[in-house]
file protein_27.cif (mmCIF, C-alpha atoms, pLDDT in the B column; chains and numbers go by the auth columns)
data_coords
#
loop_
_atom_site.group_PDB
_atom_site.id
_atom_site.type_symbol
_atom_site.label_atom_id
_atom_site.label_comp_id
_atom_site.label_asym_id
_atom_site.label_seq_id
_atom_site.Cartn_x
_atom_site.Cartn_y
_atom_site.Cartn_z
_atom_site.B_iso_or_equiv
_atom_site.auth_seq_id
_atom_site.auth_asym_id
ATOM 1 C CA GLN A 1 0.000 0.000 0.000 94.00 1 A
ATOM 2 C CA ILE A 2 1.362 3.411 -0.989 96.00 2 A
ATOM 3 C CA THR A 3 1.021 6.254 1.477 97.00 3 A
ATOM 4 C CA LEU A 4 2.308 9.802 1.600 98.00 4 A
ATOM 5 C CA LYS A 5 1.982 12.262 4.434 98.00 5 A
ATOM 6 C CA GLU A 6 2.882 15.921 4.611 98.00 6 A
ATOM 7 C CA SER A 7 4.193 17.591 7.741 98.00 7 A
ATOM 8 C CA GLY A 8 5.370 21.061 8.616 97.00 8 A
ATOM 9 C CA PRO A 9 4.190 24.362 10.032 98.00 9 A
ATOM 10 C CA THR A 10 0.624 25.499 9.556 97.00 10 A
ATOM 11 C CA LEU A 11 1.498 29.176 9.961 98.00 11 A
ATOM 12 C CA VAL A 12 4.507 31.095 8.687 98.00 12 A
ATOM 13 C CA LYS A 13 5.263 34.782 8.686 98.00 13 A
ATOM 14 C CA PRO A 14 5.900 36.832 5.560 97.00 14 A
ATOM 15 C CA THR A 15 9.513 36.629 4.341 97.00 15 A
ATOM 16 C CA GLN A 16 10.104 33.404 6.294 98.00 16 A
ATOM 17 C CA THR A 17 11.208 30.127 4.747 98.00 17 A
ATOM 18 C CA LEU A 18 8.775 27.229 4.633 98.00 18 A
ATOM 19 C CA THR A 19 10.046 23.689 5.089 98.00 19 A
ATOM 20 C CA LEU A 20 7.683 20.795 4.407 98.00 20 A
ATOM 21 C CA THR A 21 8.446 17.112 4.740 98.00 21 A
ATOM 22 C CA CYS A 22 6.818 14.296 2.810 98.00 22 A
ATOM 23 C CA THR A 23 7.090 10.897 4.471 97.00 23 A
ATOM 24 C CA PHE A 24 6.170 8.082 2.132 96.00 24 A
ATOM 25 C CA SER A 25 5.910 4.299 2.157 95.00 25 A
ATOM 26 C CA GLY A 26 5.116 1.510 -0.259 94.00 26 A
ATOM 27 C CA PHE A 27 7.642 2.524 -2.900 93.00 27 A
ATOM 28 C CA SER A 28 11.304 3.464 -3.194 90.00 28 A
ATOM 29 C CA LEU A 29 12.993 6.401 -4.856 89.00 29 A
ATOM 30 C CA ASP A 30 15.842 4.048 -5.703 85.00 30 A
ATOM 31 C CA THR A 31 13.542 2.464 -8.279 82.00 31 A
ATOM 32 C CA GLY A 32 13.355 3.931 -11.756 84.00 32 A
ATOM 33 C CA GLY A 33 10.093 5.392 -12.936 89.00 33 A
ATOM 34 C CA VAL A 34 8.928 6.895 -9.664 92.00 34 A
ATOM 35 C CA GLY A 35 9.462 10.146 -7.855 94.00 35 A
ATOM 36 C CA VAL A 36 7.897 12.545 -5.374 97.00 36 A
ATOM 37 C CA ALA A 37 6.357 15.875 -6.305 98.00 37 A
ATOM 38 C CA TRP A 38 4.874 18.824 -4.479 98.00 38 A
ATOM 39 C CA ILE A 39 1.700 20.478 -5.701 98.00 39 A
ATOM 40 C CA ARG A 40 -0.207 23.276 -4.008 98.00 40 A
ATOM 41 C CA GLN A 41 -3.721 24.675 -4.119 98.00 41 A
ATOM 42 C CA PRO A 42 -4.696 28.102 -2.796 98.00 42 A
ATOM 43 C CA PRO A 43 -8.128 28.158 -1.178 97.00 43 A
ATOM 44 C CA GLY A 44 -10.823 27.871 -3.852 96.00 44 A
ATOM 45 C CA GLN A 45 -8.284 27.865 -6.670 97.00 45 A
ATOM 46 C CA ALA A 46 -6.653 25.452 -9.068 97.00 46 A
ATOM 47 C CA LEU A 47 -3.684 23.161 -8.578 98.00 47 A
ATOM 48 C CA GLU A 48 -0.127 24.339 -9.195 98.00 48 A
ATOM 49 C CA TRP A 49 2.873 22.045 -9.585 97.00 49 A
ATOM 50 C CA LEU A 50 5.906 23.143 -7.592 97.00 50 A
ATOM 51 C CA ALA A 51 8.734 20.617 -7.754 97.00 51 A
ATOM 52 C CA LEU A 52 9.641 17.009 -8.540 96.00 52 A
ATOM 53 C CA TYR A 53 12.390 14.712 -7.274 95.00 53 A
ATOM 54 C CA ARG A 54 13.231 11.651 -9.356 90.00 54 A
ATOM 55 C CA LEU A 55 15.851 8.917 -9.441 77.00 55 A
ATOM 56 C CA THR A 56 19.532 9.852 -9.235 70.00 56 A
ATOM 57 C CA ASP A 57 19.058 13.354 -7.926 78.00 57 A
ATOM 58 C CA ASP A 58 16.985 14.552 -10.877 89.00 58 A
ATOM 59 C CA ARG A 59 15.168 17.664 -9.629 93.00 59 A
ATOM 60 C CA ARG A 60 12.679 19.746 -11.568 93.00 60 A
ATOM 61 C CA TYR A 61 11.089 23.023 -10.553 95.00 61 A
ATOM 62 C CA ASN A 62 8.219 25.225 -11.664 95.00 62 A
ATOM 63 C CA PRO A 63 10.081 27.870 -13.679 93.00 63 A
ATOM 64 C CA SER A 64 7.963 30.666 -12.229 93.00 64 A
ATOM 65 C CA LEU A 65 9.066 29.720 -8.704 93.00 65 A
ATOM 66 C CA SER A 66 12.401 28.018 -9.238 80.00 66 A
ATOM 67 C CA GLY A 67 14.451 30.700 -7.531 91.00 67 A
ATOM 68 C CA ARG A 68 12.564 30.118 -4.291 97.00 68 A
ATOM 69 C CA LEU A 69 12.296 26.334 -4.278 97.00 69 A
ATOM 70 C CA SER A 70 14.546 23.501 -3.249 96.00 70 A
ATOM 71 C CA ILE A 71 13.651 19.814 -3.132 96.00 71 A
ATOM 72 C CA THR A 72 15.846 17.235 -1.456 95.00 72 A
ATOM 73 C CA LYS A 73 15.726 13.616 -0.386 93.00 73 A
ATOM 74 C CA ASP A 74 16.670 12.369 3.047 88.00 74 A
ATOM 75 C CA THR A 75 18.747 9.348 2.159 73.00 75 A
ATOM 76 C CA SER A 76 18.331 7.688 5.533 79.00 76 A
ATOM 77 C CA LYS A 77 14.563 7.908 5.550 85.00 77 A
ATOM 78 C CA ASN A 78 11.755 7.716 3.056 92.00 78 A
ATOM 79 C CA GLN A 79 11.357 11.458 3.045 96.00 79 A
ATOM 80 C CA VAL A 80 11.436 14.286 0.557 96.00 80 A
ATOM 81 C CA VAL A 81 11.748 17.842 1.795 97.00 81 A
ATOM 82 C CA LEU A 82 10.517 20.987 0.062 98.00 82 A
ATOM 83 C CA THR A 83 11.895 24.383 0.989 98.00 83 A
ATOM 84 C CA MET A 84 10.314 27.617 -0.208 98.00 84 A
ATOM 85 C CA THR A 85 11.943 30.927 0.641 97.00 85 A
ATOM 86 C CA ASN A 86 10.516 34.410 1.041 97.00 86 A
ATOM 87 C CA MET A 87 6.959 33.330 1.757 97.00 87 A
ATOM 88 C CA GLY A 88 4.146 35.800 1.191 97.00 88 A
ATOM 89 C CA PRO A 89 0.364 35.853 1.675 97.00 89 A
ATOM 90 C CA VAL A 90 -0.165 34.610 -1.906 97.00 90 A
ATOM 91 C CA ASP A 91 1.608 31.397 -0.911 98.00 91 A
ATOM 92 C CA THR A 92 -1.223 30.496 1.461 98.00 92 A
ATOM 93 C CA ALA A 93 -2.377 27.140 0.169 98.00 93 A
ATOM 94 C CA THR A 94 -2.834 23.461 0.812 98.00 94 A
ATOM 95 C CA TYR A 95 0.428 21.760 -0.066 98.00 95 A
ATOM 96 C CA TYR A 96 0.203 18.197 -1.388 98.00 96 A
ATOM 97 C CA CYS A 97 2.896 15.588 -1.625 98.00 97 A
ATOM 98 C CA THR A 98 2.326 13.148 -4.483 98.00 98 A
ATOM 99 C CA ARG A 99 3.942 10.156 -6.067 97.00 99 A
ATOM 100 C CA TRP A 100 5.021 10.717 -9.630 96.00 100 A
ATOM 101 C CA ALA A 101 5.188 7.706 -11.889 95.00 101 A
ATOM 102 C CA THR A 102 5.941 6.893 -15.479 92.00 102 A
ATOM 103 C CA ASN A 103 5.217 3.787 -17.488 87.00 103 A
ATOM 104 C CA TRP A 104 6.558 1.797 -20.406 81.00 104 A
ATOM 105 C CA ASN A 105 4.881 4.167 -22.841 83.00 105 A
ATOM 106 C CA TYR A 106 6.448 7.285 -21.305 85.00 106 A
ATOM 107 C CA ALA A 107 3.151 8.485 -19.865 90.00 107 A
ATOM 108 C CA ASP A 108 3.695 10.232 -16.561 92.00 108 A
ATOM 109 C CA TYR A 109 1.250 11.214 -13.882 97.00 109 A
ATOM 110 C CA PHE A 110 0.672 11.858 -10.196 98.00 110 A
ATOM 111 C CA ASP A 111 -0.990 8.659 -9.072 96.00 111 A
ATOM 112 C CA CYS A 112 -1.013 8.777 -5.278 97.00 112 A
ATOM 113 C CA TRP A 113 -1.551 11.814 -3.108 98.00 113 A
ATOM 114 C CA GLY A 114 -1.164 12.758 0.521 98.00 114 A
ATOM 115 C CA ARG A 115 -4.050 14.413 2.289 98.00 115 A
ATOM 116 C CA GLY A 116 -2.356 17.796 2.106 98.00 116 A
ATOM 117 C CA THR A 117 -1.394 20.357 4.692 98.00 117 A
ATOM 118 C CA LEU A 118 -2.771 23.884 4.847 98.00 118 A
ATOM 119 C CA VAL A 119 -0.088 26.533 5.227 98.00 119 A
ATOM 120 C CA THR A 120 -1.155 30.063 6.046 98.00 120 A
ATOM 121 C CA VAL A 121 1.169 32.996 5.562 98.00 121 A
ATOM 122 C CA SER A 122 0.335 35.807 7.913 97.00 122 A
ATOM 123 C CA SER A 123 2.025 38.111 10.361 96.00 123 A
ATOM 124 C CA GLU B 1 4.210 27.406 -21.651 81.00 1 B
ATOM 125 C CA ILE B 2 1.136 25.396 -22.616 89.00 2 B
ATOM 126 C CA VAL B 3 -2.036 26.853 -21.106 94.00 3 B
ATOM 127 C CA LEU B 4 -4.901 24.452 -20.482 97.00 4 B
ATOM 128 C CA THR B 5 -8.387 25.954 -20.694 97.00 5 B
ATOM 129 C CA GLN B 6 -11.215 23.888 -19.266 98.00 6 B
ATOM 130 C CA ALA B 7 -14.842 24.342 -20.210 97.00 7 B
ATOM 131 C CA PRO B 8 -17.385 24.828 -18.948 97.00 8 B
ATOM 132 C CA GLY B 9 -16.418 26.309 -15.629 97.00 9 B
ATOM 133 C CA THR B 10 -19.473 24.755 -14.038 98.00 10 B
ATOM 134 C CA LEU B 11 -21.635 21.974 -15.405 98.00 11 B
ATOM 135 C CA SER B 12 -25.031 21.261 -13.844 98.00 12 B
ATOM 136 C CA LEU B 13 -26.442 17.819 -14.575 97.00 13 B
ATOM 137 C CA SER B 14 -28.578 15.145 -12.966 97.00 14 B
ATOM 138 C CA PRO B 15 -27.594 11.632 -11.947 97.00 15 B
ATOM 139 C CA GLY B 16 -27.887 9.277 -14.885 97.00 16 B
ATOM 140 C CA GLU B 17 -27.030 11.950 -17.437 98.00 17 B
ATOM 141 C CA ARG B 18 -23.921 12.086 -19.582 98.00 18 B
ATOM 142 C CA ALA B 19 -21.181 14.611 -18.771 98.00 19 B
ATOM 143 C CA THR B 20 -18.712 15.986 -21.294 98.00 20 B
ATOM 144 C CA LEU B 21 -15.819 18.064 -19.986 98.00 21 B
ATOM 145 C CA SER B 22 -13.370 19.844 -22.251 98.00 22 B
ATOM 146 C CA CYS B 23 -9.695 20.721 -21.885 98.00 23 B
ATOM 147 C CA ARG B 24 -8.121 22.764 -24.669 97.00 24 B
ATOM 148 C CA ALA B 25 -4.373 23.252 -24.949 95.00 25 B
ATOM 149 C CA SER B 26 -3.001 26.578 -26.198 94.00 26 B
ATOM 150 C CA GLN B 27 -0.575 24.745 -28.479 90.00 27 B
ATOM 151 C CA SER B 28 0.200 21.229 -29.582 89.00 28 B
ATOM 152 C CA ALA B 29 0.043 18.951 -26.561 90.00 29 B
ATOM 153 C CA LYS B 30 1.249 15.386 -26.518 91.00 30 B
ATOM 154 C CA SER B 31 -1.563 13.069 -25.495 92.00 31 B
ATOM 155 C CA THR B 32 0.903 10.827 -23.679 93.00 32 B
ATOM 156 C CA TYR B 33 1.256 13.593 -21.122 94.00 33 B
ATOM 157 C CA LEU B 34 -2.403 14.597 -20.655 96.00 34 B
ATOM 158 C CA ASN B 35 -4.078 13.437 -17.468 98.00 35 B
ATOM 159 C CA TRP B 36 -7.376 13.994 -15.655 98.00 36 B
ATOM 160 C CA TYR B 37 -7.998 14.204 -11.909 98.00 37 B
ATOM 161 C CA GLN B 38 -11.110 14.298 -9.753 98.00 38 B
ATOM 162 C CA GLN B 39 -11.248 16.301 -6.544 98.00 39 B
ATOM 163 C CA LYS B 40 -14.042 16.163 -4.005 98.00 40 B
ATOM 164 C CA PRO B 41 -14.477 18.837 -1.315 96.00 41 B
ATOM 165 C CA GLY B 42 -11.903 18.537 1.438 96.00 42 B
ATOM 166 C CA GLN B 43 -10.042 15.752 -0.334 97.00 43 B
ATOM 167 C CA ALA B 44 -6.878 15.406 -2.336 98.00 44 B
ATOM 168 C CA PRO B 45 -7.194 14.967 -6.087 98.00 45 B
ATOM 169 C CA ARG B 46 -7.412 11.448 -7.491 98.00 46 B
ATOM 170 C CA LEU B 47 -5.963 10.296 -10.784 98.00 47 B
ATOM 171 C CA LEU B 48 -8.737 9.246 -13.175 98.00 48 B
ATOM 172 C CA ILE B 49 -7.259 9.093 -16.655 98.00 49 B
ATOM 173 C CA TYR B 50 -3.664 9.194 -17.871 97.00 50 B
ATOM 174 C CA ALA B 51 -2.228 9.449 -21.358 96.00 51 B
ATOM 175 C CA ALA B 52 -5.503 11.046 -22.453 96.00 52 B
ATOM 176 C CA SER B 53 -7.515 7.833 -22.530 96.00 53 B
ATOM 177 C CA THR B 54 -6.227 5.183 -20.121 96.00 54 B
ATOM 178 C CA ARG B 55 -8.184 4.699 -16.930 97.00 55 B
ATOM 179 C CA ALA B 56 -6.167 4.568 -13.739 96.00 56 B
ATOM 180 C CA THR B 57 -6.395 1.567 -11.468 95.00 57 B
ATOM 181 C CA GLY B 58 -9.837 1.130 -9.952 96.00 58 B
ATOM 182 C CA ILE B 59 -11.573 3.795 -12.033 98.00 59 B
ATOM 183 C CA PRO B 60 -15.018 2.694 -13.286 97.00 60 B
ATOM 184 C CA ASP B 61 -15.520 2.295 -17.002 97.00 61 B
ATOM 185 C CA ARG B 62 -18.154 5.028 -17.117 98.00 62 B
ATOM 186 C CA PHE B 63 -15.144 7.390 -17.190 98.00 63 B
ATOM 187 C CA SER B 64 -13.434 7.764 -20.539 98.00 64 B
ATOM 188 C CA GLY B 65 -10.989 10.155 -22.150 98.00 65 B
ATOM 189 C CA SER B 66 -10.391 11.141 -25.737 97.00 66 B
ATOM 190 C CA GLU B 67 -8.479 13.645 -27.817 95.00 67 B
ATOM 191 C CA SER B 68 -8.839 15.552 -31.063 92.00 68 B
ATOM 192 C CA GLY B 69 -5.854 17.698 -31.910 86.00 69 B
ATOM 193 C CA THR B 70 -5.382 20.137 -29.056 91.00 70 B
ATOM 194 C CA ASP B 71 -8.797 19.317 -27.556 95.00 71 B
ATOM 195 C CA PHE B 72 -9.105 16.701 -24.859 97.00 72 B
ATOM 196 C CA THR B 73 -12.374 15.417 -23.476 98.00 73 B
ATOM 197 C CA LEU B 74 -13.381 13.607 -20.313 98.00 74 B
ATOM 198 C CA THR B 75 -16.711 11.848 -20.593 98.00 75 B
ATOM 199 C CA ILE B 76 -18.740 10.330 -17.800 98.00 76 B
ATOM 200 C CA SER B 77 -21.337 8.149 -19.471 97.00 77 B
ATOM 201 C CA ARG B 78 -23.927 7.929 -16.688 96.00 78 B
ATOM 202 C CA LEU B 79 -23.450 10.152 -13.687 98.00 79 B
ATOM 203 C CA GLU B 80 -23.515 8.593 -10.267 97.00 80 B
ATOM 204 C CA PRO B 81 -24.049 10.723 -7.137 97.00 81 B
ATOM 205 C CA GLU B 82 -20.390 10.293 -6.167 97.00 82 B
ATOM 206 C CA ASP B 83 -19.187 11.793 -9.469 98.00 83 B
ATOM 207 C CA PHE B 84 -20.153 15.338 -8.563 97.00 84 B
ATOM 208 C CA ALA B 85 -16.809 16.999 -7.943 98.00 85 B
ATOM 209 C CA VAL B 86 -14.214 19.254 -9.554 98.00 86 B
ATOM 210 C CA TYR B 87 -12.214 17.853 -12.469 98.00 87 B
ATOM 211 C CA TYR B 88 -8.776 19.023 -13.549 98.00 88 B
ATOM 212 C CA CYS B 89 -6.761 18.286 -16.632 98.00 89 B
ATOM 213 C CA GLN B 90 -2.973 18.352 -16.416 98.00 90 B
ATOM 214 C CA HIS B 91 -0.154 18.262 -18.947 96.00 91 B
ATOM 215 C CA TYR B 92 3.596 17.803 -18.909 92.00 92 B
ATOM 216 C CA GLY B 93 5.256 20.284 -21.208 87.00 93 B
ATOM 217 C CA GLY B 94 8.807 18.945 -20.987 85.00 94 B
ATOM 218 C CA SER B 95 11.787 20.514 -19.309 82.00 95 B
ATOM 219 C CA PRO B 96 12.001 23.269 -18.179 82.00 96 B
ATOM 220 C CA ARG B 97 8.305 24.070 -18.561 84.00 97 B
ATOM 221 C CA GLY B 98 7.185 21.283 -16.271 92.00 98 B
ATOM 222 C CA TYR B 99 3.613 20.466 -15.334 96.00 99 B
ATOM 223 C CA THR B 100 0.515 22.628 -15.741 96.00 100 B
ATOM 224 C CA PHE B 101 -3.097 22.222 -14.645 98.00 101 B
ATOM 225 C CA GLY B 102 -6.287 23.584 -16.063 98.00 102 B
ATOM 226 C CA GLN B 103 -8.453 25.794 -13.903 98.00 103 B
ATOM 227 C CA GLY B 104 -10.963 23.017 -13.293 98.00 104 B
ATOM 228 C CA THR B 105 -14.578 22.211 -14.127 98.00 105 B
ATOM 229 C CA LYS B 106 -17.046 21.928 -11.294 98.00 106 B
ATOM 230 C CA LEU B 107 -19.630 19.246 -11.929 98.00 107 B
ATOM 231 C CA GLU B 108 -22.650 19.948 -9.746 97.00 108 B
ATOM 232 C CA ILE B 109 -26.014 18.318 -9.212 95.00 109 B
ATOM 233 C CA LYS B 110 -28.836 20.014 -11.065 93.00 110 B
#

call {"tool": "encode", "arguments": {"input": "protein_27.cif", "output": "structure tokens"}}
result
Amino acid sequence: QITLKESGPTLVKPTQTLTLTCTFSGFSLDTGGVGVAWIRQPPGQALEWLALYRLTDDRRYNPSLSGRLSITKDTSKNQVVLTMTNMGPVDTATYYCTRWATNWNYADYFDCWGRGTLVTVSS
Amino acid sequence: EIVLTQAPGTLSLSPGERATLSCRASQSAKSTYLNWYQQKPGQAPRLLIYAASTRATGIPDRFSGSESGTDFTLTISRLEPEDFAVYYCQHYGGSPRGYTFGQGTKLEIK
């Protein structure tokens, strides 16, 4: 069974750095064809992809946010950490951790999701 | 950057009816990278369809996906009460563009 769970602060102040941890089970990032991504959703709005970590340290970022984002893997645990600097009120959103997967036909998709964690940016 | 435009914004139908949801890409979009998700209130999204037309594991066959050029369609053949939700299309535009989502279609009970 695949599970993912987000953890981190629920409230951050403007200009602070947000650090979120995704703890996952049921798959390994040492296996080709899988990865972990972060996707967020402001209240009442659409989804926005943030970052993706794949095999062998392959990291991808949303180009509109890349200067503020960092995604890393904790090699001793099944965890992927997202860091976002210079937080502002517009970054208030539910942040989801998801499993990314690809198949033999090069399709790729986000097939398993955590429940999400609401982060509010306010002074 | 490929922009995905979903229509309509809201679709009001009754259980048992057929639903047709549209996702139009602003430029040529590879169907291999076009996916659909369902999101119910207070829940995380769920993968429904990947590669434009392949149902994800456990998805009922009343859900189907198709494509015609830059237009992608999600069809629900006979609506069940649990199908009323928000639906998002999503596309991978390659590196460095990454992944984009449409703005969503809300399917509500008439």

call {"tool": "resolve_selection", "arguments": {"input": "protein_27.cif", "expression": "the PyMOL selection byres ((chain B) within 8 of (chain A))", "output": "PyMOL selection string"}}
result
chain B and resi 32-33+35+43-47+50-51+92+95-104

call {"tool": "resolve_selection", "arguments": {"input": "protein_27.cif", "expression": "the PyMOL selection byres ((chain B and resi 80) around 9)", "output": "mmCIF file with C-alpha atoms, keeping the file's coordinate frame"}}
result
data_model
loop_
_atom_site.group_PDB
_atom_site.id
_atom_site.type_symbol
_atom_site.label_atom_id
_atom_site.label_comp_id
_atom_site.auth_asym_id
_atom_site.auth_seq_id
_atom_site.Cartn_x
_atom_site.Cartn_y
_atom_site.Cartn_z
ATOM 1 C CA SER B 14 -28.578 15.145 -12.966
ATOM 2 C CA PRO B 15 -27.594 11.632 -11.947
ATOM 3 C CA GLY B 16 -27.887 9.277 -14.885
ATOM 4 C CA GLU B 17 -27.030 11.950 -17.437
ATOM 5 C CA ARG B 78 -23.927 7.929 -16.688
ATOM 6 C CA LEU B 79 -23.450 10.152 -13.687
ATOM 7 C CA PRO B 81 -24.049 10.723 -7.137
ATOM 8 C CA GLU B 82 -20.390 10.293 -6.167
ATOM 9 C CA ASP B 83 -19.187 11.793 -9.469
ATOM 10 C CA PHE B 84 -20.153 15.338 -8.563
#

call {"tool": "resolve_selection", "arguments": {"input": "protein_27.cif", "expression": "the PyMOL selection byres ((chain A and resi 57) around 12)", "output": "list in words"}}
result
Leu29, Asp30, Gly32, Gly35, Val36, Leu52, Tyr53, Arg54, Leu55, Thr56, Asp58, Arg59, Arg60, Ile71, Thr72, Lys73, Asp74, Thr75 and Val80 of chain A

call {"tool": "residues_around", "arguments": {"input": "protein_27.cif", "residues": "Thr85 in chain A", "least_positions_apart": "6", "cutoff": "10 Å", "atoms": "only C-alpha atoms", "output": "PyMOL selection string"}}
result
chain A and resi 14-19+65+67-70

call {"tool": "atom_distance", "arguments": {"input": "protein_27.cif", "atom1": "CA of His91 in chain B", "atom2": "CA of Met87 in chain A"}}
result
26.6 Å

call {"tool": "closest_residue", "arguments": {"input": "protein_27.cif", "among": "A:Cys22, A:Val34, A:Val12, A:Val81", "to": "Ala93 in chain A", "atoms": "only C-alpha atoms"}}
result
A:Val12

call {"tool": "axis_aligned_box", "arguments": {"input": "protein_27.cif", "around": "range 6-18 of chain A", "padding_each_side": "4 Å", "output": "JSON"}}
result
{"center_x": 5.9, "center_y": 26.4, "center_z": 7.2, "size_x": 18.6, "size_y": 28.9, "size_z": 13.7}

call {"tool": "residues_around", "arguments": {"input": "protein_27.cif", "residues": "Ile76 in chain B", "least_positions_apart": "5", "cutoff": "7 Å", "atoms": "only C-alpha atoms", "output": "PyMOL selection string"}}
result
chain B and resi 18-20+62-64

call {"tool": "atom_distance", "arguments": {"input": "protein_27.cif", "atom1": "CA of Trp36 in chain B", "atom2": "CA of Gly44 in chain A"}}
result
18.5 Å

call {"tool": "residues_around", "arguments": {"input": "protein_27.cif", "residues": "Thr10 in chain B", "least_positions_apart": "6", "cutoff": "10 Å", "atoms": "all atoms listed in the file", "output": "list in words"}}
result
Leu21, Val86, Gly104, Thr105, Lys106, Leu107 and Glu108 of chain B

call {"tool": "atom_distance", "arguments": {"input": "protein_27.cif", "atom1": "CA of Gly42 in chain B", "atom2": "CA of Ile109 in chain B"}}
result
17.7 Å

call {"tool": "residues_around", "arguments": {"input": "protein_27.cif", "residues": "Phe24 in chain A", "least_positions_apart": "2", "cutoff": "6 Å", "atoms": "only C-alpha atoms", "output": "list of chain:residue names"}}
result
A:Thr3, A:Leu4, A:Asn78
